[in-house]
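Chemist: Provided herewith: work_38.cif, mmCIF, C-alpha atoms and all ligand atoms.
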data_structure
#
loop_
_atom_site.label_atom_id
_atom_site.label_comp_id
_atom_site.auth_asym_id
_atom_site.auth_seq_id
_atom_site.Cartn_x
_atom_site.Cartn_y
_atom_site.Cartn_z
CA MET A 15 7.67 26.82 -31.55
CA GLN A 16 9.96 23.75 -31.80
CA GLY A 17 12.11 23.66 -28.64
CA LYS A 18 10.96 27.10 -27.54
CA LYS A 19 9.57 27.95 -24.14
CA ALA A 20 8.54 30.89 -21.99
CA ILE A 21 8.76 31.66 -18.30
CA GLN A 22 6.54 34.17 -16.55
CA ALA A 23 8.21 35.50 -13.43
CA ASN A 24 8.94 38.35 -11.08
CA ALA A 25 12.60 38.84 -11.90
CA TYR A 26 15.63 40.85 -10.86
CA TYR A 27 18.96 41.34 -12.61
CA SER A 28 21.74 43.93 -12.77
CA LYS A 29 21.16 46.66 -15.32
CA ASN A 30 24.68 47.97 -14.60
CA PHE A 31 27.17 48.15 -11.70
CA ASP A 32 24.82 50.25 -9.56
CA GLU A 33 21.30 49.66 -10.80
CA ILE A 34 18.86 46.76 -10.68
CA GLU A 35 16.14 45.97 -13.21
CA TYR A 36 12.91 44.50 -11.84
CA LEU A 37 10.18 42.93 -13.94
CA ASP A 38 6.75 42.29 -12.47
CA GLU A 39 5.46 39.11 -14.14
CA GLY A 40 7.90 39.51 -17.01
CA LEU A 41 7.56 37.06 -19.89
CA PHE A 42 10.92 35.55 -20.83
CA CYS A 43 10.81 33.81 -24.22
CA ILE A 44 13.65 31.33 -24.74
CA ASP A 45 14.68 29.99 -28.14
CA SER A 46 15.67 26.41 -28.98
CA GLU A 47 19.39 27.20 -28.43
CA GLY A 48 18.79 28.42 -24.88
CA PHE A 49 19.09 32.15 -25.63
CA ILE A 50 16.55 34.75 -24.50
CA GLU A 51 14.70 35.68 -27.67
CA LYS A 52 12.62 38.46 -26.20
CA VAL A 53 11.31 39.74 -22.90
CA LEU A 54 7.84 41.22 -22.63
CA THR A 55 6.63 43.38 -19.77
CA LYS A 56 3.04 43.24 -18.58
CA ASP A 57 2.19 46.52 -20.32
CA ASP A 58 3.40 45.30 -23.73
CA GLU A 59 0.48 45.12 -26.18
CA ASN A 60 1.49 41.61 -27.29
CA TYR A 61 1.96 40.25 -23.77
CA GLU A 62 -1.36 38.40 -23.47
CA LYS A 63 -1.27 37.09 -27.03
CA VAL A 64 2.26 35.69 -26.72
CA ARG A 65 1.54 34.33 -23.28
CA ARG A 66 -1.52 32.46 -24.53
CA ARG A 67 0.38 31.06 -27.52
CA TYR A 68 3.06 29.48 -25.29
CA ALA A 69 0.39 28.27 -22.87
CA SER A 70 -1.62 26.57 -25.64
CA GLU A 71 1.54 24.71 -26.76
CA GLY A 72 2.19 23.59 -23.16
CA GLN A 73 5.43 25.61 -23.19
CA LEU A 74 4.63 28.25 -20.57
CA LYS A 75 5.98 28.01 -17.04
CA VAL A 76 4.49 30.42 -14.49
CA LEU A 77 6.43 31.00 -11.26
CA GLU A 78 4.49 31.29 -8.04
CA ALA A 79 3.89 34.73 -6.51
CA ASP A 80 6.43 34.06 -3.73
CA GLN A 81 9.14 32.95 -6.14
CA ILE A 82 11.58 35.19 -7.96
CA LEU A 83 13.81 34.63 -10.95
CA LEU A 84 17.48 35.66 -10.73
CA PRO A 85 20.35 35.15 -13.19
CA GLY A 86 22.68 32.21 -12.53
CA PHE A 87 26.03 33.02 -10.94
CA VAL A 88 29.47 32.94 -12.55
CA ASP A 89 32.08 31.66 -10.05
CA LEU A 90 35.28 32.99 -11.59
CA HIS A 91 37.73 31.03 -9.42
CA ILE A 92 37.23 27.69 -7.71
CA HIS A 93 39.57 24.76 -7.02
CA ALA A 94 37.39 21.70 -7.64
CA PRO A 95 39.65 19.13 -5.87
CA GLN A 96 39.83 21.31 -2.75
CA TRP A 97 36.10 20.78 -2.15
CA ALA A 98 37.29 17.67 -0.30
CA GLN A 99 39.00 19.85 2.35
CA SER A 100 36.61 22.80 2.45
CA GLY A 101 36.48 24.18 5.96
CA THR A 102 39.93 22.82 6.88
CA ALA A 103 43.09 24.56 8.11
CA LEU A 104 42.08 28.12 7.32
CA ASP A 105 43.97 29.28 10.41
CA ARG A 106 47.32 28.42 8.80
CA PRO A 107 49.43 30.80 6.63
CA LEU A 108 49.09 30.33 2.85
CA GLU A 109 52.44 28.58 2.32
CA ILE A 110 51.78 26.09 5.17
CA TRP A 111 48.20 25.53 4.00
CA LEU A 112 49.53 24.72 0.52
CA ASN A 113 52.35 22.39 1.52
CA GLU A 114 50.77 20.53 4.43
CA TYR A 115 47.18 20.25 3.28
CA THR A 116 46.50 21.24 -0.29
CA PHE A 117 49.31 19.64 -2.31
CA PRO A 118 48.96 16.21 -0.59
CA LEU A 119 45.17 16.33 -1.24
CA GLU A 120 45.52 17.34 -4.90
CA ALA A 121 48.08 14.56 -5.46
CA LYS A 122 45.33 12.02 -4.61
CA PHE A 123 43.49 12.90 -7.82
CA GLU A 124 45.61 10.45 -9.80
CA ASP A 125 43.10 8.01 -8.35
CA GLN A 126 40.33 8.37 -10.93
CA SER A 127 37.54 6.98 -8.78
CA PHE A 128 38.40 9.32 -5.90
CA ALA A 129 38.41 12.16 -8.44
CA ALA A 130 35.04 11.09 -9.87
CA ASN A 131 33.49 11.18 -6.39
CA VAL A 132 34.80 14.61 -5.41
CA TYR A 133 34.23 16.21 -8.81
CA GLY A 134 30.70 14.81 -9.12
CA GLU A 135 29.85 16.33 -5.76
CA VAL A 136 31.44 19.74 -6.26
CA VAL A 137 29.70 20.28 -9.61
CA HIS A 138 26.35 19.21 -8.16
CA THR A 139 26.84 21.33 -5.03
CA THR A 140 27.77 24.51 -6.88
CA LEU A 141 24.89 24.06 -9.34
CA ARG A 142 22.56 23.48 -6.39
CA ASN A 143 23.75 26.85 -5.04
CA GLY A 144 22.93 28.69 -8.25
CA THR A 145 26.35 28.63 -9.95
CA THR A 146 25.64 28.06 -13.63
CA SER A 147 29.16 28.83 -14.91
CA ALA A 148 32.32 27.92 -12.99
CA VAL A 149 36.00 28.52 -13.73
CA TYR A 150 37.85 25.56 -12.23
CA PHE A 151 41.39 24.71 -11.31
CA ALA A 152 41.61 20.88 -11.38
CA THR A 153 44.98 19.26 -10.54
CA VAL A 154 48.26 18.34 -12.24
CA ASP A 155 46.73 15.00 -13.31
CA ARG A 156 45.47 15.34 -16.89
CA LYS A 157 43.15 12.34 -16.97
CA SER A 158 41.05 13.31 -13.95
CA SER A 159 41.04 16.95 -15.09
CA LEU A 160 39.35 15.79 -18.28
CA LEU A 161 36.93 13.84 -16.11
CA LEU A 162 35.97 17.12 -14.39
CA ALA A 163 35.22 18.67 -17.79
CA GLU A 164 33.00 15.69 -18.68
CA ILE A 165 31.19 15.84 -15.33
CA CYS A 166 30.45 19.57 -15.84
CA GLY A 167 29.18 18.74 -19.31
CA GLU A 168 26.94 15.92 -18.15
CA GLN A 169 25.49 17.75 -15.13
CA GLY A 170 24.75 20.78 -17.29
CA GLN A 171 27.17 23.30 -15.80
CA ARG A 172 29.18 25.61 -18.06
CA GLY A 173 32.63 24.56 -16.89
CA PHE A 174 35.94 26.22 -17.72
CA VAL A 175 38.41 23.57 -16.65
CA GLY A 176 42.17 23.76 -16.28
CA LYS A 177 44.74 21.03 -15.80
CA VAL A 178 47.16 22.71 -13.37
CA ALA A 179 50.66 23.34 -14.71
CA MET A 180 53.42 23.43 -12.06
CA ASP A 181 56.94 22.19 -12.70
CA ASP A 182 59.41 24.23 -10.63
CA ALA A 183 61.22 21.81 -8.30
CA SER A 184 62.08 24.70 -5.96
CA GLY A 185 58.41 25.64 -5.49
CA CYS A 186 56.61 22.27 -5.75
CA PRO A 187 56.91 19.03 -3.81
CA GLU A 188 58.63 16.16 -5.59
CA TYR A 189 55.46 13.99 -5.38
CA TYR A 190 53.16 16.59 -6.94
CA ARG A 191 54.33 18.37 -10.07
CA ASP A 192 54.87 18.05 -13.81
CA GLN A 193 58.16 16.26 -14.46
CA ASP A 194 59.71 19.26 -16.20
CA ALA A 195 58.78 22.31 -18.27
CA GLN A 196 58.26 20.31 -21.45
CA ALA A 197 55.90 17.92 -19.66
CA SER A 198 53.95 20.90 -18.29
CA ILE A 199 53.52 22.29 -21.80
CA ASP A 200 52.83 18.95 -23.55
CA GLU A 201 50.30 17.80 -20.94
CA THR A 202 48.52 21.17 -21.10
CA GLU A 203 48.37 21.00 -24.91
CA ALA A 204 47.03 17.43 -24.85
CA PHE A 205 44.43 18.55 -22.28
CA ILE A 206 43.33 21.52 -24.41
CA GLN A 207 42.89 19.24 -27.42
CA SER A 208 40.81 16.67 -25.53
CA VAL A 209 38.49 19.31 -24.04
CA LEU A 210 38.09 21.02 -27.44
CA ALA A 211 37.15 17.59 -28.84
CA ILE A 212 34.19 17.25 -26.42
CA ARG A 213 33.36 20.97 -26.23
CA ASN A 214 30.27 20.81 -28.42
CA THR A 215 29.00 17.50 -27.06
CA TYR A 216 27.19 19.49 -24.40
CA ARG A 217 24.47 22.05 -24.95
CA GLN A 218 26.08 24.66 -22.69
CA GLY A 219 29.64 23.80 -23.81
CA VAL A 220 32.76 23.06 -21.77
CA TYR A 221 35.95 25.05 -22.17
CA PRO A 222 39.65 24.34 -21.63
CA ILE A 223 41.55 26.97 -19.69
CA ILE A 224 45.35 27.20 -19.51
CA THR A 225 46.30 27.09 -15.83
CA PRO A 226 49.81 27.86 -14.61
CA ARG A 227 49.24 27.60 -10.83
CA PHE A 228 51.27 30.72 -10.00
CA ILE A 229 54.76 31.98 -10.60
CA PRO A 230 56.28 30.42 -7.43
CA THR A 231 55.51 26.92 -8.82
CA CYS A 232 56.40 27.43 -12.51
CA THR A 233 59.71 27.73 -14.38
CA ASP A 234 60.29 30.48 -16.92
CA GLU A 235 60.48 27.86 -19.65
CA SER A 236 57.05 26.44 -18.86
CA LEU A 237 55.47 29.92 -18.55
CA LYS A 238 56.90 30.81 -21.96
CA GLY A 239 55.53 27.59 -23.48
CA LEU A 240 52.09 28.13 -21.91
CA GLY A 241 52.01 31.67 -23.31
CA ALA A 242 52.69 30.20 -26.76
CA LEU A 243 49.78 27.75 -26.28
CA ALA A 244 47.49 30.64 -25.34
CA ARG A 245 48.31 32.28 -28.67
CA LYS A 246 48.08 29.04 -30.66
CA TYR A 247 44.65 27.95 -29.37
CA ASP A 248 43.14 31.31 -28.35
CA VAL A 249 41.58 29.73 -25.25
CA HIS A 250 41.03 31.14 -21.76
CA LEU A 251 43.80 31.36 -19.18
CA GLN A 252 43.89 31.62 -15.37
CA THR A 253 46.44 31.97 -12.61
CA HIS A 254 47.00 33.67 -9.24
CA ALA A 255 48.89 36.92 -8.72
CA SER A 256 49.96 39.23 -5.88
CA GLU A 257 47.69 37.41 -3.44
CA SER A 258 49.47 37.88 -0.10
CA ASP A 259 52.55 39.60 1.34
CA TRP A 260 54.39 36.30 1.04
CA ALA A 261 53.32 35.55 -2.57
CA HIS A 262 53.85 39.12 -3.78
CA HIS A 263 57.37 39.40 -2.35
CA TYR A 264 58.39 35.85 -3.24
CA VAL A 265 57.71 36.63 -6.92
CA LYS A 266 59.46 40.02 -6.71
CA GLU A 267 62.54 38.20 -5.45
CA LYS A 268 62.31 35.27 -7.87
CA MET A 269 61.67 37.32 -11.03
CA GLY A 270 63.04 40.75 -10.17
CA GLU A 271 59.59 42.15 -11.08
CA ASN A 272 55.94 41.87 -10.00
CA ASP A 273 53.71 38.95 -11.06
CA VAL A 274 51.66 40.90 -13.54
CA LYS A 275 54.67 42.31 -15.34
CA ALA A 276 56.26 38.86 -15.57
CA LEU A 277 53.01 37.20 -16.69
CA ASN A 278 52.65 39.82 -19.41
CA ARG A 279 56.23 39.22 -20.59
CA PHE A 280 55.37 35.52 -21.04
CA GLY A 281 52.19 36.30 -23.01
CA LEU A 282 49.92 35.13 -20.21
CA LEU A 283 47.62 38.16 -19.96
CA GLY A 284 44.84 39.27 -22.29
CA PRO A 285 41.07 39.58 -22.69
CA ARG A 286 40.65 35.84 -22.01
CA ALA A 287 42.89 35.81 -18.93
CA ILE A 288 41.63 35.76 -15.33
CA ILE A 289 43.93 36.62 -12.43
CA ALA A 290 42.76 35.53 -9.00
CA HIS A 291 43.10 37.85 -5.96
CA ALA A 292 45.60 40.60 -6.89
CA PRO A 293 45.10 43.03 -3.97
CA PHE A 294 48.77 44.07 -4.10
CA LEU A 295 48.83 45.26 -7.72
CA GLU A 296 51.00 48.36 -7.91
CA THR A 297 50.31 51.30 -10.25
CA GLU A 298 52.27 49.85 -13.17
CA ASP A 299 50.60 46.43 -12.69
CA GLN A 300 47.17 48.08 -12.77
CA GLU A 301 48.06 49.80 -16.03
CA ILE A 302 49.15 46.49 -17.57
CA MET A 303 45.86 44.88 -16.49
CA VAL A 304 43.93 47.67 -18.25
CA GLU A 305 46.07 47.59 -21.41
CA THR A 306 45.78 43.82 -21.74
CA ARG A 307 42.09 43.79 -20.70
CA THR A 308 42.81 41.11 -18.10
CA THR A 309 40.16 40.35 -15.46
CA ILE A 310 40.51 39.99 -11.71
CA ALA A 311 38.61 37.21 -9.92
CA HIS A 312 37.84 38.76 -6.53
CA CYS A 313 37.71 36.14 -3.76
CA PRO A 314 36.69 38.11 -0.65
CA LEU A 315 36.25 35.21 1.76
CA SER A 316 39.56 33.55 0.90
CA ASN A 317 41.24 36.96 1.02
CA ALA A 318 40.05 37.45 4.60
CA TYR A 319 42.07 34.36 5.53
CA PHE A 320 45.11 34.57 3.29
CA ALA A 321 45.51 37.90 1.50
CA ASN A 322 46.62 40.17 4.37
CA SER A 323 44.50 42.93 2.81
CA VAL A 324 41.25 43.74 1.03
CA LEU A 325 41.07 44.20 -2.75
CA PRO A 326 40.25 47.87 -3.46
CA VAL A 327 37.55 46.90 -5.99
CA LYS A 328 36.19 50.37 -6.68
CA ASP A 329 39.61 51.98 -7.20
CA PHE A 330 40.69 49.24 -9.60
CA MET A 331 37.38 49.38 -11.47
CA ALA A 332 37.65 53.15 -11.76
CA LYS A 333 40.96 52.57 -13.55
CA GLY A 334 39.17 50.29 -16.02
CA ILE A 335 39.89 46.78 -14.71
CA THR A 336 37.03 44.25 -15.01
CA ILE A 337 36.42 42.43 -11.71
CA GLY A 338 34.21 39.36 -11.22
CA LEU A 339 33.47 37.42 -8.06
CA ALA A 340 34.52 33.97 -6.86
CA THR A 341 34.31 31.51 -3.97
CA ASP A 342 37.93 30.29 -4.23
CA ILE A 343 37.13 26.98 -2.63
CA SER A 344 38.85 26.00 -0.39
CA GLY A 345 40.72 29.19 0.47
CA GLY A 346 37.09 30.28 0.85
CA TYR A 347 35.16 27.54 2.63
CA THR A 348 31.72 27.88 1.05
CA PRO A 349 30.46 26.88 -2.41
CA SER A 350 27.79 29.60 -2.27
CA MET A 351 28.16 32.72 -4.40
CA TYR A 352 25.57 34.30 -2.08
CA GLN A 353 28.26 34.12 0.61
CA ALA A 354 30.80 35.62 -1.80
CA ILE A 355 28.38 38.52 -2.43
CA ARG A 356 27.86 39.04 1.32
CA GLN A 357 31.59 38.89 2.10
CA ALA A 358 32.47 41.26 -0.75
CA VAL A 359 30.19 43.87 0.78
CA ILE A 360 31.38 43.25 4.37
CA SER A 361 35.09 43.36 3.49
CA SER A 362 34.71 46.51 1.40
CA LYS A 363 32.87 48.24 4.23
CA MET A 364 35.71 47.35 6.63
CA LEU A 365 38.25 48.61 4.10
CA GLN A 366 36.38 51.90 3.91
CA ASP A 367 35.94 52.41 7.64
CA GLY A 368 39.22 50.78 8.72
CA VAL A 369 39.54 48.29 11.56
CA GLU A 370 42.00 49.63 14.16
CA PRO A 371 40.03 51.63 16.73
CA SER A 372 43.10 53.33 18.22
CA ARG A 373 43.72 55.16 14.92
CA SER A 374 41.80 58.37 14.32
CA LYS A 375 38.79 58.19 12.02
CA ASP A 376 40.61 59.97 9.18
CA LEU A 377 43.52 57.53 9.16
CA ARG A 378 41.59 54.33 9.73
CA GLY A 379 40.27 53.43 6.26
CA ARG A 380 40.21 54.04 2.53
CA ALA A 381 37.69 56.53 1.14
CA HIS A 382 34.88 55.38 -1.19
CA ALA A 383 35.74 51.68 -0.94
CA ALA A 384 32.38 50.28 0.19
CA LEU A 385 30.46 48.10 -2.25
CA THR A 386 26.67 47.82 -2.27
CA LEU A 387 24.74 44.58 -2.68
CA ASN A 388 23.81 45.80 -6.15
CA ASN A 389 27.51 46.17 -7.00
CA ALA A 390 28.29 42.67 -5.73
CA LEU A 391 25.40 41.07 -7.64
CA PHE A 392 26.69 42.72 -10.82
CA MET A 393 30.15 41.26 -10.17
CA ALA A 394 28.71 37.78 -9.53
CA THR A 395 26.72 37.78 -12.77
CA VAL A 396 27.31 40.34 -15.53
CA ALA A 397 31.01 41.04 -14.86
CA GLY A 398 31.67 37.29 -14.74
CA GLY A 399 30.10 36.94 -18.18
CA GLN A 400 32.11 39.88 -19.52
CA SER A 401 35.35 38.30 -18.32
CA LEU A 402 34.50 35.06 -20.12
CA GLY A 403 33.41 36.85 -23.31
CA LEU A 404 29.89 35.39 -23.09
CA PRO A 405 26.46 37.06 -22.92
CA LEU A 406 25.71 35.97 -19.36
CA GLY A 407 24.21 37.59 -16.27
CA LYS A 408 21.29 39.63 -17.62
CA LEU A 409 17.75 38.46 -18.29
CA GLU A 410 17.56 40.39 -21.56
CA ALA A 411 17.14 39.47 -25.23
CA GLY A 412 20.38 38.14 -26.69
CA TYR A 413 21.65 36.78 -23.37
CA ILE A 414 21.95 33.07 -22.57
CA PHE A 415 19.14 31.92 -20.28
CA ASP A 416 21.05 30.84 -17.14
CA ALA A 417 18.83 31.40 -14.14
CA GLN A 418 17.73 30.35 -10.67
CA VAL A 419 14.29 30.25 -9.10
CA VAL A 420 14.36 31.42 -5.48
CA ASP A 421 11.42 30.73 -3.18
CA THR A 422 11.02 33.44 -0.53
CA ARG A 423 8.75 31.50 1.84
CA GLU A 424 11.58 30.13 4.01
CA ASN A 425 14.37 32.01 5.83
CA ILE A 426 13.25 35.37 4.46
CA PRO A 427 10.92 37.52 6.61
CA ARG A 428 7.82 38.60 4.71
CA PHE A 429 5.35 40.34 6.96
CA TYR A 430 4.42 43.29 4.78
CA GLU A 431 4.87 44.80 1.34
CA GLU A 432 8.45 46.14 1.15
CA LYS A 433 8.87 49.92 0.70
CA HIS A 434 11.16 49.71 -2.30
CA VAL A 435 11.16 47.16 -5.07
CA GLU A 436 14.83 46.28 -4.38
CA ASP A 437 14.19 45.54 -0.70
CA LEU A 438 13.08 41.98 -1.39
CA LEU A 439 16.11 41.34 -3.60
CA HIS A 440 18.40 42.55 -0.82
CA LYS A 441 16.69 40.25 1.70
CA VAL A 442 17.18 37.35 -0.70
CA LEU A 443 20.85 38.17 -1.30
CA LEU A 444 21.54 38.37 2.43
CA LEU A 445 19.26 35.72 3.91
CA SER A 446 18.48 33.00 1.42
CA GLN A 447 20.05 29.59 1.83
CA THR A 448 20.56 26.67 -0.50
CA VAL A 449 17.10 25.33 0.34
CA ASN A 450 15.53 28.50 -1.07
CA ILE A 451 16.88 27.72 -4.55
CA LYS A 452 14.15 25.57 -6.06
CA GLU A 453 15.33 25.34 -9.67
CA VAL A 454 18.48 26.08 -11.64
CA TRP A 455 18.49 26.57 -15.42
CA VAL A 456 21.48 26.51 -17.75
CA GLN A 457 21.27 27.41 -21.45
CA GLY A 458 17.47 27.23 -21.35
CA GLU A 459 17.29 23.78 -19.71
CA GLN A 460 16.39 22.96 -16.12
CA VAL A 461 19.35 21.16 -14.50
CA ILE A 462 18.26 21.26 -10.81
ZN ZN G 1 43.02 29.90 -6.02
#
What's the C-alpha cells form of this structure?

Modeler:
Amino acid sequence: MQGKKAIQANAYYSKNFDEIEYLDEGLFCIDSEGFIEKVLTKDDENYEKVRRRYASEGQLKVLEADQILLPGFVDLHIHAPQWAQSGTALDRPLEIWLNEYTFPLEAKFEDQSFAANVYGEVVHTTLRNGTTSAVYFATVDRKSSLLLAEICGEQGQRGFVGKVAMDDASGCPEYYRDQDAQASIDETEAFIQSVLAIRNTYRQGVYPIITPRFIPTCTDESLKGLGALARKYDVHLQTHASESDWAHHYVKEKMGENDVKALNRFGLLGPRAIIAHAPFLETEDQEIMVETRTTIAHCPLSNAYFANSVLPVKDFMAKGITIGLATDISGGYTPSMYQAIRQAVISSKMLQDGVEPSRSKDLRGRAHAALTLNNALFMATVAGGQSLGLPLGKLEAGYIFDAQVVDTRENIPRFYEEKHVEDLLHKVLLLSQTVNIKEVWVQGEQVI
C-alpha cells in the first residue's frame, strides 16, 4: 500500500467524443506513481473489501454527496507572459494588438523578478481553475522561460514550456527578437537542454517545446534550424498558423505557399506538433495535417476577437485531424477552460446557424457544425492528452490521475433530482465558477 490511495466519488469523464461515462460512488485506486491502477464500480464484488482496506490504512478519501470528480483540463495553447495584460485591447486588430501591446509587454520579461511574479500567478491561477496540464509560450528571453518551467514544476502543474523563437527583422521589433537565425536556434537548443535536465525533478514532469512564434516573425534559416532540433531531440513543437485573414495572406505572400505547407517543408509538423487556431486551412493543408498527425489547438474565445472566422471543428475532425481546446491567453481573456468549453459550443452553434439575418436560412450557416458540451469536454481533456502523447483526460485504469473536485452547492441550481445523469454535468460545465473548484490533483497528488 506504500504511497497508494483511493478516492470514492461521483465522477464524470468523456468516454469518447460524444459520450460521457458516469460513476456513482466509483472507487478510484491510485498507485504510488500517480496512475489510476483500477476503478471499481459499486456493484463490483470486491468494492467493499477494497474500500475497507484503503480506509483501514487511512488512505481513503470520500467526496461529499454534493461534490463531483472531473478530469483535469489540458490547455493546449496559452501565452504565460500575456496574463499580465489579460482583458486588454481586444478591440484592436491582431497586428496592432501585437505591435502596440504584446511585444512591448513580452520584452519586459528580461526582468527576472517581474517574470517570477507574473509566471507564479498565471500557473497558480490556471491550476486553481482546473488546468492540470498547460502548453505555454513564454518569451524570447531564455532565462525567464526556464523560470516558468521551474515554477510549473514546483507548483505541480504539468507544463510544456517554450522559449519563443523570432528573428525576422522585417516581422519583429528591433527591441524584441533573437539577434539572428543562429541565435534563435542556439538559444532554443540551450533551452531544450536545460528543461530536459530538470524534467524528472518533478513528479508530474516538465517538458520543453520548440516554439517558433509564427512564420511572419521567423526567417527561413531559423525555421530550418528549429526543424532540425525537433528531429534531434524528439520534443514537442508549437506555433500559430492561418489564424486570421491578415496572417493567412501575409504568409502566402511571404512564402508563396500556405503556413502548413511551409511548416511541413521545414520539418516543423508531426505527431508532437501543435498548431494554434488554423481556421483558414485549405484542402491541401488539411491533408498535410492528417498525414503528419499534427494537432490543432482550438482557441474559440480568442478566435472571436482575432480570427475573422470560426474553426469548422467537426469538418476537420471528420477528415482525421486531432483538435484540443485552449484559452489562448491573452487573445482569449480568461484563464478558465470552462469558458473555453462554453465558447467552443457557442461559436460552433453560430457557425452552424449563421449570423447575418438578411441572408436566407439556407445560405446563412454551415451544416452540422454545432458542438455539444460533451464534444467540448472531450476536446478539453482526452483530445488534449492525445495531442501530447500522454494518457490524460479519462478516469480509467492506466490513465494519469489528474482531476478536480467540483462542489455543486454554489452557483449551480439544485432543486430536484435531474432527469438525466448528464444534466448535472452540463450545469457544472455551464455554471460553475472558480470558487466551485475545491481541490485540484495532478499525478495523484493534491496541488490545490
Ligand atoms: Zn497564441

Chemist: Which is closer to ligand ZN 1 (chain G) than all the others in A:Arg227, A:Arg428, A:Lys122, A:Arg423, using only C-alpha atoms and all ligand atoms?

Modeler: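 Residue with the minimum atom-to-atom distance to ligand ZN 1 (chain G): A:Arg227.
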
Chemist: Produce as a PDB file with C-alpha atoms, in the coordinates of the input the set of residues near ligand ZN 1 (chain G), where near means within 7 Å with all atoms listed in the file considered.

Modeler:
ATOM      1  CA  HIS A  91      37.730  31.030  -9.420  1.00  0.00           C
ATOM      2  CA  ILE A  92      37.230  27.690  -7.710  1.00  0.00           C
ATOM      3  CA  HIS A  93      39.570  24.760  -7.020  1.00  0.00           C
ATOM      4  CA  HIS A 254      47.000  33.670  -9.240  1.00  0.00           C
ATOM      5  CA  ALA A 290      42.760  35.530  -9.000  1.00  0.00           C
ATOM      6  CA  ASP A 342      37.930  30.290  -4.230  1.00  0.00           C
ATOM      7  CA  GLY A 345      40.720  29.190   0.470  1.00  0.00           C
TER       8      GLY A 345
END

Chemist: Using only C-alpha atoms, determine which residues lie at most 9 Å from Lys75 of chain A, disregarding the query and same-chain residues fewer than 5 positions distant; provide the list as a list in words.

Modeler: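 Everything that qualifies: Lys19, Ala20, Ile21, Gln22, Ala23, Tyr68 and Ala69 of chain A.
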
Chemist: Keeping only C-alpha atoms, take the residues you just selected and write them out as an mmCIF file, keeping the file's coordinate frame.

Modeler:
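New file out06.cif:
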data_model
loop_
_atom_site.group_PDB
_atom_site.id
_atom_site.type_symbol
_atom_site.label_atom_id
_atom_site.label_comp_id
_atom_site.auth_asym_id
_atom_site.auth_seq_id
_atom_site.Cartn_x
_atom_site.Cartn_y
_atom_site.Cartn_z
ATOM 1 C CA LYS A 19 9.570 27.950 -24.140
ATOM 2 C CA ALA A 20 8.540 30.890 -21.990
ATOM 3 C CA ILE A 21 8.760 31.660 -18.300
ATOM 4 C CA GLN A 22 6.540 34.170 -16.550
ATOM 5 C CA ALA A 23 8.210 35.500 -13.430
ATOM 6 C CA TYR A 68 3.060 29.480 -25.290
ATOM 7 C CA ALA A 69 0.390 28.270 -22.870
#

Chemist: Can you work out which one of A:Glu51, A:Glu39, A:Glu201, A:Glu459 has the shortest atom-to-atom distance to Tyr26 of chain A, counting only C-alpha atoms?

Modeler: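 Smallest distance to Tyr26 of chain A is found for A:Glu39.
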
Chemist: Just to confirm, what's the straight-line distance from atom CA of Cys313 of chain A to atom CA of His291 of chain A in Å (one decimal)?

Modeler: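 Those two atoms sit 6.1 Å apart.
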
Chemist: If you take only C-alpha atoms and a cut-off of 12 Å, which residues of segment 283-350 of chain A touch segment 262-265 of chain A, and what are their nearest atom pairs and distances in Å to one decimal, in chain and number order, as a Markdown table?

Modeler:
| residue | atom | partner | partner_atom | distance |
| --- | --- | --- | --- | --- |
| A:His291 | CA | A:His262 | CA | 11.0 |
| A:Ala292 | CA | A:His262 | CA | 8.9 |
| A:Pro293 | CA | A:His262 | CA | 9.6 |
| A:Phe294 | CA | A:His262 | CA | 7.1 |
| A:Leu295 | CA | A:His262 | CA | 8.9 |
| A:Glu296 | CA | A:His262 | CA | 10.5 |
| A:Asp299 | CA | A:His262 | CA | 12.0 |
| A:Ala321 | CA | A:His262 | CA | 9.9 |
| A:Asn322 | CA | A:His262 | CA | 10.9 |

Chemist: Give me the residues near segment 357-373 of chain A as number ranges by chain, where near means some atom within 10 Å (using only C-alpha atoms) and where sequence neighbours in that chain fewer than 4 positions away do not count.

Modeler: A: 312-318, 323-328, 339-341, 351-353, 377-391, 393

Chemist: Counting only C-alpha atoms, which residue out of A:Gln400, A:Gln460, A:Gln418, A:Thr202 sits closest to Tyr27 of chain A?

Modeler: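 Result for the nearest residue to Tyr27 of chain A: A:Gln418.
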
Chemist: Find the distance between atom CA of Gly270 of chain A and atom CA of Asp234 of chain A and write it in Å to one decimal.

Modeler: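 Going from atom CA of Gly270 of chain A over to atom CA of Asp234 of chain A, I get 12.6 Å.
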
Chemist: Have a look at A:Tyr189, A:Gln457, A:Gln447, A:Val249 and name the one nearest to Pro349 of chain A; count all atoms listed in the file.

Modeler: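 When distances to Pro349 of chain A are compared using all atoms listed in the file, the smallest one comes from A:Gln447.
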
Chemist: Given only C-alpha atoms as the basis, pick out the residue of A:Leu37, A:Phe320, A:Gln252, A:Leu141 nearest to Arg106 of chain A.

Modeler: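 With only C-alpha atoms as the atom set, the closest residue is A:Phe320.
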
Chemist: Fewer than 6 positions away in the same chain doesn't count, so skip those; otherwise give me all residues within 10 Å of Met331 of chain A, counting all atoms listed in the file, as a ChimeraX atom specification.

Modeler: /A:300,304,310,337
